[in-house]
Amino acid sequence: MLRVRNLKCFYGRIMAIKGISLSVREGELVTLIGANGAGKSTLMNAISGMLPGWTGEILFREKPLSGLEPPAIVRSGISLVPEGRHIFGPMSVLDNLKMGAYTVYRRQRGEAVSGDMEMVMELFPILRERSGQPAGTLSGGEQQMLAIGRALMSRPKLLLLDEPSMGLAPLLVEKILNTLTTLKNQGLTILLVEQNAQAALGIADRGYVLETGRMVLQGPAADLLEDEEVKRAYLGKDYDEFYEDF
Amino acid sequence: MSGLGGLSVRFRQSGFSVKIPSFLGPSLPYLLFAGAIALVGLWVENFYYLQVLTFIGINTLVALGLNMLMGYAGQISLGHAAFFGIGAYSTAILTVHYGFSPWIGLAGAISIAGLVALVVGLPTLKLSGYYLGMGTLGFGMIVHILFREWTSMTGGASGFVGIPPLSVGNYTFYSPTAYFSLVWGTVLIGVIICRRIIDSRIGRALRSVHDSEAAARAMGIDTHMLKLQVFVLSALFASVAGFLYAHFVTFISPGTFDFLTSVRMVTMVVIGGMASIWGALLGAALLTLLPDWLHTFSEFEMVVYGLILMVVMILLPQGLTRGILDLWEKSKGEDIDIKGESDGDSFR
């Protein structure tokens with residue numbers, strides 16, 4: 001469904017992504033893990049059209065995305081849950097969700113949109129309770145749910161999530177990730193970027209490991225979870241286990 | 001967000017927008033507003049009062065448009081006097097030099113201002129924050145110089161005389177009451193247009209651009225196009241106001257459309273309350289009336305004027321409308337204090 005080939009991204013003259021390739025098949029939940037500064041968010045921004053000026057190839061359902069602006073990309077079926085949520089604080093929860101449906105509003109009038117809204121509120125019942133409240137007054141976890149719900153409102157085929165677990169308590173992280181599994185089982189294709197490697201690999205089908213702009217590892221999520229290199233670098237199992245081994 | 005993040009700010013249920021069920025939405029405020037206009041029009045006979053009220057109406061029209069740009073979309077313009085002036089001079093030139101009817105003048109004013117806004121906005125709106133302020137400021141100054149120096153067309157610094165009054169068929173808007181009604185009727189239409197836009201999908205998009213342009217783009221909003229559209233809209237409001245102004249006073253000079261006027265327009269929006277339609281009305285009224293009230297202070301007039309604006313901004317940083325609403329809610333004991341971010345600050 002999504003195919004990235006030899007992608008290079010630049011910030012001015014600095015190359016943040018140094019030629020990576022990855023693919024996401026229809027119905028898959030793929031995760032991309034890596035430390036701070038590895039280029040995860042850069043990749044997300046390149047796919048969603050927020051970051052212009054990359055070279056290489058990004059194909060979505062066999063169509064190249066190069067040169068497309070975010071509106072066209074959203075319409076083509078890719079929706080981004082940005083890092084740090086970026087919900088619209090002063091606007092109500094309901095208005096935030098409507099904003100997510102911005103690109104479908106004109107073509108499908110009210111009923112379809114309120115149907116989608118109903119679906120999102122089934123998924124996150126708390127949003128129904130909070131629907132009239134300004135989004136800025138929600139808790140971190142609720143805001144993340146809203147950000148995901150908002151992204152779903154554009155009826156994406158592919159959902160991109162940029163660190164949905166950031167700054168959330170473990171219990172909430174689990175809840176959010178469970179929701180992603182639910183969405184995947186409903187047929188949504190998901191590309192999940194995470195620092196929380198353990199949790200992300202726990203729900204993903206396949207995983208990629210990105211390190212300072214290069215793809216260093218890839219494979220089925222279960223294999224990556226067992227990989228020594230991943231364990232050492234991302235799962236926080238280095239010290240005690242390492243010393244035991246030696 | 002900016003520096004107010006940690007302050008305790010009162011949120012209302014959903015900002016200023018109440019869900020609109022019918023064509024005009026909650027029509028009560030409009031009916032009251034229209035009723036108030038009619039009452040004033042019928043009862044006030046004093047020429048001077050009517051004149052001041054008409055000026056308030058003209059300023060409200062400008063503030064309404066600017067409020068869409070600043071209050072909702074969060075983009076500043078320090079050159080709006082230029083559009084006000086373009087409206088006034090376009091109709092003046094078309095009616096006096098070319099002998100067209102004022103209504104052709106109106107069409108001319110709207111299309112010229114719209115076109116100029118489009119051409120200016122296309123590159124300028126790529127900027128934001130202070131840089132957008134500087135860009136629009138420069139534009140305003142260029143236009144002001146044009147009014148002053150293009151003597152053959154604009155009459156130069158000595159002004160433009162002999163602009164005909166407005167008329168429909170045999171009826172001429174001579175009497176102050178008639179012109180008052182015309183101006184405030186236009187304001188009412190302007191208010192309805194703004195309300196309709198704000199409560200639509202476009203209105204939500206505008207507010208989202210204000211809040212986070214990046215996130216708005218991620219939602220699939222063509223933010224550049226949207227900003228351009230609202231810029232043109234606000235220019236059109238200003239040009240209609242300029243048109244009404246020119247045919248009201250029948251004499252215009254470049255001094256009316258200088259940088260200070262642009263600043264005053266911005267002040268109207270800020271003082272009245274950003275992102276509020278009634279705020280535009282309040283701000284325009286206060287800033288039009290203040291200089292008149294303060295005549296008694298003679299040479300201290302400007303000092304007191306500045307002082308009042310400062311006090312308003314310190315005590316009611318979100319503007320008059322928000323401040324009054326807060327007091328009202330407090331008196332009803334309905335306020336909820338929630339730590340969060342305010343939607344009133346938008347000088348970014």
# chains A, B, ... in the order shown; residues from 1 in each chain; ligands from 1
>>> interface_residues(of="chain A", to="chain B", cutoff="8 Å", atoms="only C-alpha atoms", output="ChimeraX atom specification")
/A:48,50,70-75,79-80,82,86-92,95,98-103,105,132-134,136-137,151,154
>>> residues_around(residues="Ala222 in chain A", least_positions_apart="3", cutoff="10 Å", atoms="only C-alpha atoms", output="PyMOL selection string")
chain A and resi 201-207+219+225-227
>>> write_last_selection(atoms="all heavy atoms", output="tab-separated table (two decimals), in the first residue's frame")
chain	number	residue	atom	x	y	z
A	201	LEU	N	6.38	-2.92	19.33
A	201	LEU	CA	6.64	-4.22	18.72
A	201	LEU	C	5.64	-5.26	19.21
A	201	LEU	O	5.35	-6.24	18.52
A	201	LEU	CB	8.08	-4.67	19.02
A	201	LEU	CG	9.16	-3.88	18.28
A	201	LEU	CD1	10.55	-4.25	18.81
A	201	LEU	CD2	9.09	-4.11	16.78
A	202	GLY	N	5.11	-5.02	20.42
A	202	GLY	CA	4.13	-5.94	20.98
A	202	GLY	C	2.86	-6.05	20.16
A	202	GLY	O	2.21	-7.10	20.14
A	203	ILE	N	2.47	-4.99	19.47
A	203	ILE	CA	1.22	-5.04	18.71
A	203	ILE	C	1.46	-5.09	17.21
A	203	ILE	O	0.53	-5.34	16.45
A	203	ILE	CB	0.30	-3.84	19.03
A	203	ILE	CG1	1.00	-2.52	18.70
A	203	ILE	CG2	-0.14	-3.87	20.48
A	203	ILE	CD1	0.05	-1.37	18.54
A	204	ALA	N	2.69	-4.83	16.76
A	204	ALA	CA	2.92	-4.69	15.31
A	204	ALA	C	3.11	-6.05	14.64
A	204	ALA	O	3.43	-7.05	15.29
A	204	ALA	CB	4.14	-3.83	15.07
A	205	ASP	N	2.87	-6.06	13.31
A	205	ASP	CA	3.18	-7.24	12.52
A	205	ASP	C	4.66	-7.26	12.17
A	205	ASP	O	5.33	-8.27	12.29
A	205	ASP	CB	2.37	-7.23	11.22
A	205	ASP	CG	0.88	-7.23	11.51
A	205	ASP	OD1	0.45	-8.03	12.36
A	205	ASP	OD2	0.15	-6.42	10.90
A	206	ARG	N	5.11	-6.11	11.69
A	206	ARG	CA	6.51	-6.00	11.30
A	206	ARG	C	7.09	-4.74	11.87
A	206	ARG	O	6.36	-3.82	12.27
A	206	ARG	CB	6.63	-5.96	9.77
A	206	ARG	CG	6.36	-7.31	9.10
A	206	ARG	CD	6.70	-7.28	7.63
A	206	ARG	NE	6.00	-6.23	6.91
A	206	ARG	CZ	6.61	-5.26	6.25
A	206	ARG	NH1	7.92	-5.19	6.22
A	206	ARG	NH2	5.90	-4.35	5.61
A	207	GLY	N	8.41	-4.66	11.92
A	207	GLY	CA	9.04	-3.47	12.46
A	207	GLY	C	10.28	-3.08	11.69
A	207	GLY	O	10.89	-3.90	10.99
A	219	GLY	N	12.21	-6.53	10.11
A	219	GLY	CA	11.78	-7.92	10.20
A	219	GLY	C	10.47	-8.03	10.95
A	219	GLY	O	9.90	-7.02	11.37
A	225	LEU	N	11.76	-8.21	18.64
A	225	LEU	CA	11.66	-8.20	20.10
A	225	LEU	C	12.75	-9.08	20.72
A	225	LEU	O	13.22	-8.83	21.82
A	225	LEU	CB	10.29	-8.71	20.54
A	225	LEU	CG	9.21	-7.67	20.84
A	225	LEU	CD1	7.90	-8.36	21.14
A	225	LEU	CD2	9.61	-6.76	21.97
A	226	GLU	N	13.14	-10.13	19.99
A	226	GLU	CA	14.14	-11.06	20.49
A	226	GLU	C	15.55	-10.67	20.10
A	226	GLU	O	16.51	-11.24	20.58
A	226	GLU	CB	13.85	-12.48	19.95
A	226	GLU	CG	12.57	-13.09	20.50
A	226	GLU	CD	12.57	-13.08	22.03
A	226	GLU	OE1	13.59	-13.47	22.62
A	226	GLU	OE2	11.56	-12.65	22.62
A	227	ASP	N	15.66	-9.70	19.21
A	227	ASP	CA	16.97	-9.33	18.67
A	227	ASP	C	17.85	-8.70	19.74
A	227	ASP	O	17.45	-7.79	20.46
A	227	ASP	CB	16.76	-8.35	17.50
A	227	ASP	CG	18.05	-8.11	16.76
A	227	ASP	OD1	18.87	-7.29	17.24
A	227	ASP	OD2	18.24	-8.73	15.71
>>> select_by_dssp(residues="range 33-205 of chain A", states="alpha helix (DSSP H)", output="ChimeraX atom specification")
/A:40-47,70-76,93-100,102-105,110-123,125-129,140-152,170-185,197-203
>>> select_by_dssp(residues="range 45-196 of chain B", states="strand (DSSP E)", output="number ranges by chain")
B: 167-168, 171-172
>>> write_last_selection(atoms="N, CA and C atoms", output="tab-separated table (two decimals), in the first residue's frame")
chain	number	residue	atom	x	y	z
B	167	SER	N	-27.59	57.77	-4.26
B	167	SER	CA	-29.02	57.84	-4.55
B	167	SER	C	-29.49	56.55	-5.20
B	168	VAL	N	-30.75	56.24	-4.93
B	168	VAL	CA	-31.38	55.10	-5.59
B	168	VAL	C	-32.59	55.64	-6.33
B	171	TYR	N	-34.47	58.79	-5.21
B	171	TYR	CA	-34.24	59.04	-3.80
B	171	TYR	C	-32.76	59.23	-3.52
B	172	THR	N	-32.42	60.31	-2.84
B	172	THR	CA	-31.03	60.55	-2.50
B	172	THR	C	-30.86	60.44	-0.99
>>> closest_atom_pairs(of="range 266-325 of chain B", to="range 187-195 of chain B", cutoff="10 Å", atoms="only C-alpha atoms", output="Markdown table")
| residue | atom | partner | partner_atom | distance |
| --- | --- | --- | --- | --- |
| B:Ser276 | CA | B:Arg195 | CA | 9.6 |
| B:Ile277 | CA | B:Val191 | CA | 6.9 |
| B:Trp278 | CA | B:Val191 | CA | 8.6 |
| B:Ala280 | CA | B:Val191 | CA | 9.7 |
| B:Leu281 | CA | B:Val187 | CA | 9.3 |
>>> write_last_selection(atoms="C-alpha atoms", output="PDB file, in the first residue's frame")
ATOM      1  CA  SER B 276     -15.877  38.106  18.482  1.00  0.00           C
ATOM      2  CA  ILE B 277     -18.284  39.782  16.120  1.00  0.00           C
ATOM      3  CA  TRP B 278     -19.803  41.972  18.795  1.00  0.00           C
ATOM      4  CA  ALA B 280     -15.735  44.545  16.531  1.00  0.00           C
ATOM      5  CA  LEU B 281     -18.826  46.630  17.203  1.00  0.00           C
TER       6      LEU B 281
END
>>> residues_around(residues="range 41-55 of chain B", least_positions_apart="2", cutoff="10 Å", atoms="only C-alpha atoms", output="JSON, numbers by chain")
{"B": [35, 36, 37, 38, 39, 57, 58, 59, 60, 61, 175, 176, 177, 178, 179, 180, 181, 182, 183, 184, 241, 244, 245, 248, 249, 284, 285, 288, 289, 292]}
>>> write_last_selection(atoms="N, CA and C atoms", output="PDB file, in the first residue's frame")
ATOM      1  N   GLY B  35     -33.437  46.015  15.733  1.00  0.00           N
ATOM      2  CA  GLY B  35     -34.398  46.854  16.445  1.00  0.00           C
ATOM      3  C   GLY B  35     -33.724  48.087  17.016  1.00  0.00           C
ATOM      4  N   ALA B  36     -32.540  47.884  17.598  1.00  0.00           N
ATOM      5  CA  ALA B  36     -31.800  49.003  18.180  1.00  0.00           C
ATOM      6  C   ALA B  36     -31.462  50.027  17.104  1.00  0.00           C
ATOM      7  N   ILE B  37     -31.042  49.536  15.940  1.00  0.00           N
ATOM      8  CA  ILE B  37     -30.710  50.443  14.837  1.00  0.00           C
ATOM      9  C   ILE B  37     -31.931  51.257  14.445  1.00  0.00           C
ATOM     10  N   ALA B  38     -33.056  50.544  14.287  1.00  0.00           N
ATOM     11  CA  ALA B  38     -34.281  51.222  13.859  1.00  0.00           C
ATOM     12  C   ALA B  38     -34.695  52.270  14.880  1.00  0.00           C
ATOM     13  N   LEU B  39     -34.633  51.903  16.164  1.00  0.00           N
ATOM     14  CA  LEU B  39     -35.027  52.831  17.221  1.00  0.00           C
ATOM     15  C   LEU B  39     -34.177  54.091  17.186  1.00  0.00           C
ATOM     16  N   GLY B  57     -20.611  53.061  12.564  1.00  0.00           N
ATOM     17  CA  GLY B  57     -21.013  51.985  11.658  1.00  0.00           C
ATOM     18  C   GLY B  57     -19.946  51.698  10.625  1.00  0.00           C
ATOM     19  N   ILE B  58     -19.391  52.755  10.044  1.00  0.00           N
ATOM     20  CA  ILE B  58     -18.358  52.572   9.020  1.00  0.00           C
ATOM     21  C   ILE B  58     -17.139  51.879   9.624  1.00  0.00           C
ATOM     22  N   ASN B  59     -16.733  52.334  10.811  1.00  0.00           N
ATOM     23  CA  ASN B  59     -15.585  51.701  11.462  1.00  0.00           C
ATOM     24  C   ASN B  59     -15.876  50.254  11.842  1.00  0.00           C
ATOM     25  N   THR B  60     -17.137  50.005  12.252  1.00  0.00           N
ATOM     26  CA  THR B  60     -17.499  48.634  12.613  1.00  0.00           C
ATOM     27  C   THR B  60     -17.309  47.703  11.426  1.00  0.00           C
ATOM     28  N   LEU B  61     -17.680  48.197  10.262  1.00  0.00           N
ATOM     29  CA  LEU B  61     -17.566  47.383   9.051  1.00  0.00           C
ATOM     30  C   LEU B  61     -16.104  46.979   8.811  1.00  0.00           C
ATOM     31  N   SER B 175     -30.440  62.955   3.920  1.00  0.00           N
ATOM     32  CA  SER B 175     -30.645  63.168   5.352  1.00  0.00           C
ATOM     33  C   SER B 175     -29.732  62.251   6.150  1.00  0.00           C
ATOM     34  N   PRO B 176     -29.257  62.744   7.295  1.00  0.00           N
ATOM     35  CA  PRO B 176     -28.384  61.904   8.121  1.00  0.00           C
ATOM     36  C   PRO B 176     -29.072  60.609   8.547  1.00  0.00           C
ATOM     37  N   THR B 177     -30.388  60.667   8.778  1.00  0.00           N
ATOM     38  CA  THR B 177     -31.103  59.462   9.190  1.00  0.00           C
ATOM     39  C   THR B 177     -31.032  58.415   8.090  1.00  0.00           C
ATOM     40  N   ALA B 178     -31.225  58.864   6.840  1.00  0.00           N
ATOM     41  CA  ALA B 178     -31.199  57.924   5.728  1.00  0.00           C
ATOM     42  C   ALA B 178     -29.829  57.278   5.618  1.00  0.00           C
ATOM     43  N   TYR B 179     -28.790  58.095   5.732  1.00  0.00           N
ATOM     44  CA  TYR B 179     -27.448  57.530   5.585  1.00  0.00           C
ATOM     45  C   TYR B 179     -27.096  56.624   6.750  1.00  0.00           C
ATOM     46  N   PHE B 180     -27.559  57.039   7.923  1.00  0.00           N
ATOM     47  CA  PHE B 180     -27.364  56.208   9.112  1.00  0.00           C
ATOM     48  C   PHE B 180     -27.949  54.813   8.878  1.00  0.00           C
ATOM     49  N   SER B 181     -29.173  54.768   8.358  1.00  0.00           N
ATOM     50  CA  SER B 181     -29.831  53.480   8.141  1.00  0.00           C
ATOM     51  C   SER B 181     -29.088  52.670   7.091  1.00  0.00           C
ATOM     52  N   LEU B 182     -28.633  53.350   6.048  1.00  0.00           N
ATOM     53  CA  LEU B 182     -27.902  52.655   4.984  1.00  0.00           C
ATOM     54  C   LEU B 182     -26.647  51.987   5.546  1.00  0.00           C
ATOM     55  N   VAL B 183     -25.874  52.774   6.299  1.00  0.00           N
ATOM     56  CA  VAL B 183     -24.622  52.247   6.847  1.00  0.00           C
ATOM     57  C   VAL B 183     -24.885  51.086   7.792  1.00  0.00           C
ATOM     58  N   TRP B 184     -25.833  51.284   8.706  1.00  0.00           N
ATOM     59  CA  TRP B 184     -26.061  50.232   9.705  1.00  0.00           C
ATOM     60  C   TRP B 184     -26.752  49.021   9.099  1.00  0.00           C
ATOM     61  N   ALA B 241     -16.589  49.852   3.371  1.00  0.00           N
ATOM     62  CA  ALA B 241     -16.609  50.923   4.365  1.00  0.00           C
ATOM     63  C   ALA B 241     -16.053  52.211   3.764  1.00  0.00           C
ATOM     64  N   LEU B 244     -18.647  53.787   1.548  1.00  0.00           N
ATOM     65  CA  LEU B 244     -19.690  54.473   2.319  1.00  0.00           C
ATOM     66  C   LEU B 244     -19.151  55.778   2.906  1.00  0.00           C
ATOM     67  N   TYR B 245     -17.907  55.725   3.343  1.00  0.00           N
ATOM     68  CA  TYR B 245     -17.282  56.902   3.938  1.00  0.00           C
ATOM     69  C   TYR B 245     -17.184  58.033   2.909  1.00  0.00           C
ATOM     70  N   PHE B 248     -20.355  59.662   2.143  1.00  0.00           N
ATOM     71  CA  PHE B 248     -20.951  60.293   3.323  1.00  0.00           C
ATOM     72  C   PHE B 248     -20.341  61.674   3.552  1.00  0.00           C
ATOM     73  N   VAL B 249     -19.022  61.720   3.567  1.00  0.00           N
ATOM     74  CA  VAL B 249     -18.386  63.007   3.863  1.00  0.00           C
ATOM     75  C   VAL B 249     -18.164  63.837   2.593  1.00  0.00           C
ATOM     76  N   ALA B 284     -15.090  49.376  17.781  1.00  0.00           N
ATOM     77  CA  ALA B 284     -15.281  50.487  16.858  1.00  0.00           C
ATOM     78  C   ALA B 284     -16.011  51.630  17.552  1.00  0.00           C
ATOM     79  N   ALA B 285     -17.023  51.294  18.340  1.00  0.00           N
ATOM     80  CA  ALA B 285     -17.788  52.325  19.038  1.00  0.00           C
ATOM     81  C   ALA B 285     -16.897  53.074  20.019  1.00  0.00           C
ATOM     82  N   THR B 288     -14.267  55.260  18.306  1.00  0.00           N
ATOM     83  CA  THR B 288     -14.834  56.401  17.587  1.00  0.00           C
ATOM     84  C   THR B 288     -15.313  57.465  18.579  1.00  0.00           C
ATOM     85  N   LEU B 289     -15.873  56.982  19.692  1.00  0.00           N
ATOM     86  CA  LEU B 289     -16.453  57.918  20.654  1.00  0.00           C
ATOM     87  C   LEU B 289     -15.407  58.579  21.555  1.00  0.00           C
ATOM     88  N   ASP B 292     -14.113  62.065  21.017  1.00  0.00           N
ATOM     89  CA  ASP B 292     -15.146  63.078  21.226  1.00  0.00           C
ATOM     90  C   ASP B 292     -15.378  63.346  22.706  1.00  0.00           C
TER      91      ASP B 292
END
>>> residues_around(residues="range 268-274 of chain B", least_positions_apart="4", cutoff="10 Å", atoms="only C-alpha atoms", output="PDB file with C-alpha atoms, in the first residue's frame")
ATOM      1  CA  ASN B  59     -15.585  51.701  11.462  1.00  0.00           C
ATOM      2  CA  THR B  60     -17.499  48.634  12.613  1.00  0.00           C
ATOM      3  CA  VAL B  62     -13.781  47.653   8.795  1.00  0.00           C
ATOM      4  CA  ALA B  63     -13.325  46.070  12.223  1.00  0.00           C
ATOM      5  CA  LEU B  64     -15.643  43.190  11.285  1.00  0.00           C
ATOM      6  CA  GLY B  65     -13.516  42.290   8.307  1.00  0.00           C
ATOM      7  CA  LEU B  66     -10.256  42.779  10.158  1.00  0.00           C
ATOM      8  CA  ASN B  67     -11.578  40.662  13.002  1.00  0.00           C
ATOM      9  CA  MET B  68     -12.068  37.761  10.594  1.00  0.00           C
ATOM     10  CA  LEU B  69      -8.436  38.084   9.607  1.00  0.00           C
ATOM     11  CA  MET B  70      -6.943  38.793  13.030  1.00  0.00           C
ATOM     12  CA  GLY B  71      -9.318  37.377  15.562  1.00  0.00           C
ATOM     13  CA  TYR B  72     -10.223  34.197  13.753  1.00  0.00           C
ATOM     14  CA  GLY B  74      -4.750  34.976  13.606  1.00  0.00           C
ATOM     15  CA  SER B 262      -4.420  51.169  10.212  1.00  0.00           C
ATOM     16  CA  VAL B 263      -3.229  51.014  13.793  1.00  0.00           C
ATOM     17  CA  ARG B 264      -6.539  52.360  15.036  1.00  0.00           C
ATOM     18  CA  TRP B 278     -19.803  41.972  18.795  1.00  0.00           C
ATOM     19  CA  GLY B 279     -16.274  42.829  19.863  1.00  0.00           C
ATOM     20  CA  ALA B 280     -15.735  44.545  16.531  1.00  0.00           C
ATOM     21  CA  LEU B 281     -18.826  46.630  17.203  1.00  0.00           C
ATOM     22  CA  LEU B 282     -17.790  47.519  20.748  1.00  0.00           C
ATOM     23  CA  GLY B 283     -14.225  48.321  19.768  1.00  0.00           C
ATOM     24  CA  ALA B 284     -15.281  50.487  16.858  1.00  0.00           C
ATOM     25  CA  ALA B 285     -17.788  52.325  19.038  1.00  0.00           C
ATOM     26  CA  LEU B 286     -15.304  52.983  21.834  1.00  0.00           C
ATOM     27  CA  LEU B 287     -12.510  54.160  19.572  1.00  0.00           C
ATOM     28  CA  THR B 288     -14.834  56.401  17.587  1.00  0.00           C
ATOM     29  CA  LEU B 309      -6.646  51.918  26.211  1.00  0.00           C
ATOM     30  CA  MET B 310      -3.882  50.757  28.541  1.00  0.00           C
ATOM     31  CA  VAL B 312      -8.668  48.284  29.268  1.00  0.00           C
ATOM     32  CA  MET B 313      -5.905  46.011  28.054  1.00  0.00           C
ATOM     33  CA  LEU B 316      -9.500  42.991  30.294  1.00  0.00           C
ATOM     34  CA  PRO B 317      -6.654  41.475  28.302  1.00  0.00           C
ATOM     35  CA  GLN B 318      -9.094  39.515  26.188  1.00  0.00           C
ATOM     36  CA  GLY B 319     -10.929  42.637  25.145  1.00  0.00           C
ATOM     37  CA  LEU B 320     -14.180  44.260  26.142  1.00  0.00           C
ATOM     38  CA  THR B 321     -16.526  41.537  24.955  1.00  0.00           C
ATOM     39  CA  ARG B 322     -14.756  38.706  26.728  1.00  0.00           C
ATOM     40  CA  GLY B 323     -14.293  40.854  29.804  1.00  0.00           C
ATOM     41  CA  ASP B 343      -7.614  31.805  22.690  1.00  0.00           C
ATOM     42  CA  GLY B 344      -7.460  35.536  22.986  1.00  0.00           C
ATOM     43  CA  ASP B 345      -3.768  36.050  22.380  1.00  0.00           C
ATOM     44  CA  SER B 346      -2.801  35.926  18.785  1.00  0.00           C
TER      45      SER B 346
END
>>> residues_around(residues="Leu7 in chain A", least_positions_apart="6", cutoff="12 Å", atoms="only C-alpha atoms", output="list of chain:residue names")
A:Met15, A:Ala16, A:Ile17, A:Lys18, A:Gly19, A:Ile20, A:Ser21, A:Leu22, A:Ser23, A:Gly39, A:Thr42, A:Leu43, A:Met44, A:Ala46, A:Ile47, A:Gly53, A:Trp54, A:Thr55, A:Gly56, A:Glu57, A:Ile58, A:Leu59, A:Ser66, A:Gly213, A:Arg214, A:Met215
>>> residues_around(residues="Leu127 in chain B", least_positions_apart="4", cutoff="12 Å", atoms="only C-alpha atoms", output="ChimeraX atom specification")
/B:75-77,120-123,131-136,224,227-228,348
>>> atom_distance(atom1="CA of Ala82 in chain B", atom2="CA of Phe257 in chain B")
6.2 Å
>>> residues_around(residues="Pro164 in chain A", least_positions_apart="4", cutoff="8 Å", atoms="only C-alpha atoms", output="MDAnalysis selection string")
chainID A and resid 81 83:85 144 173 176 194
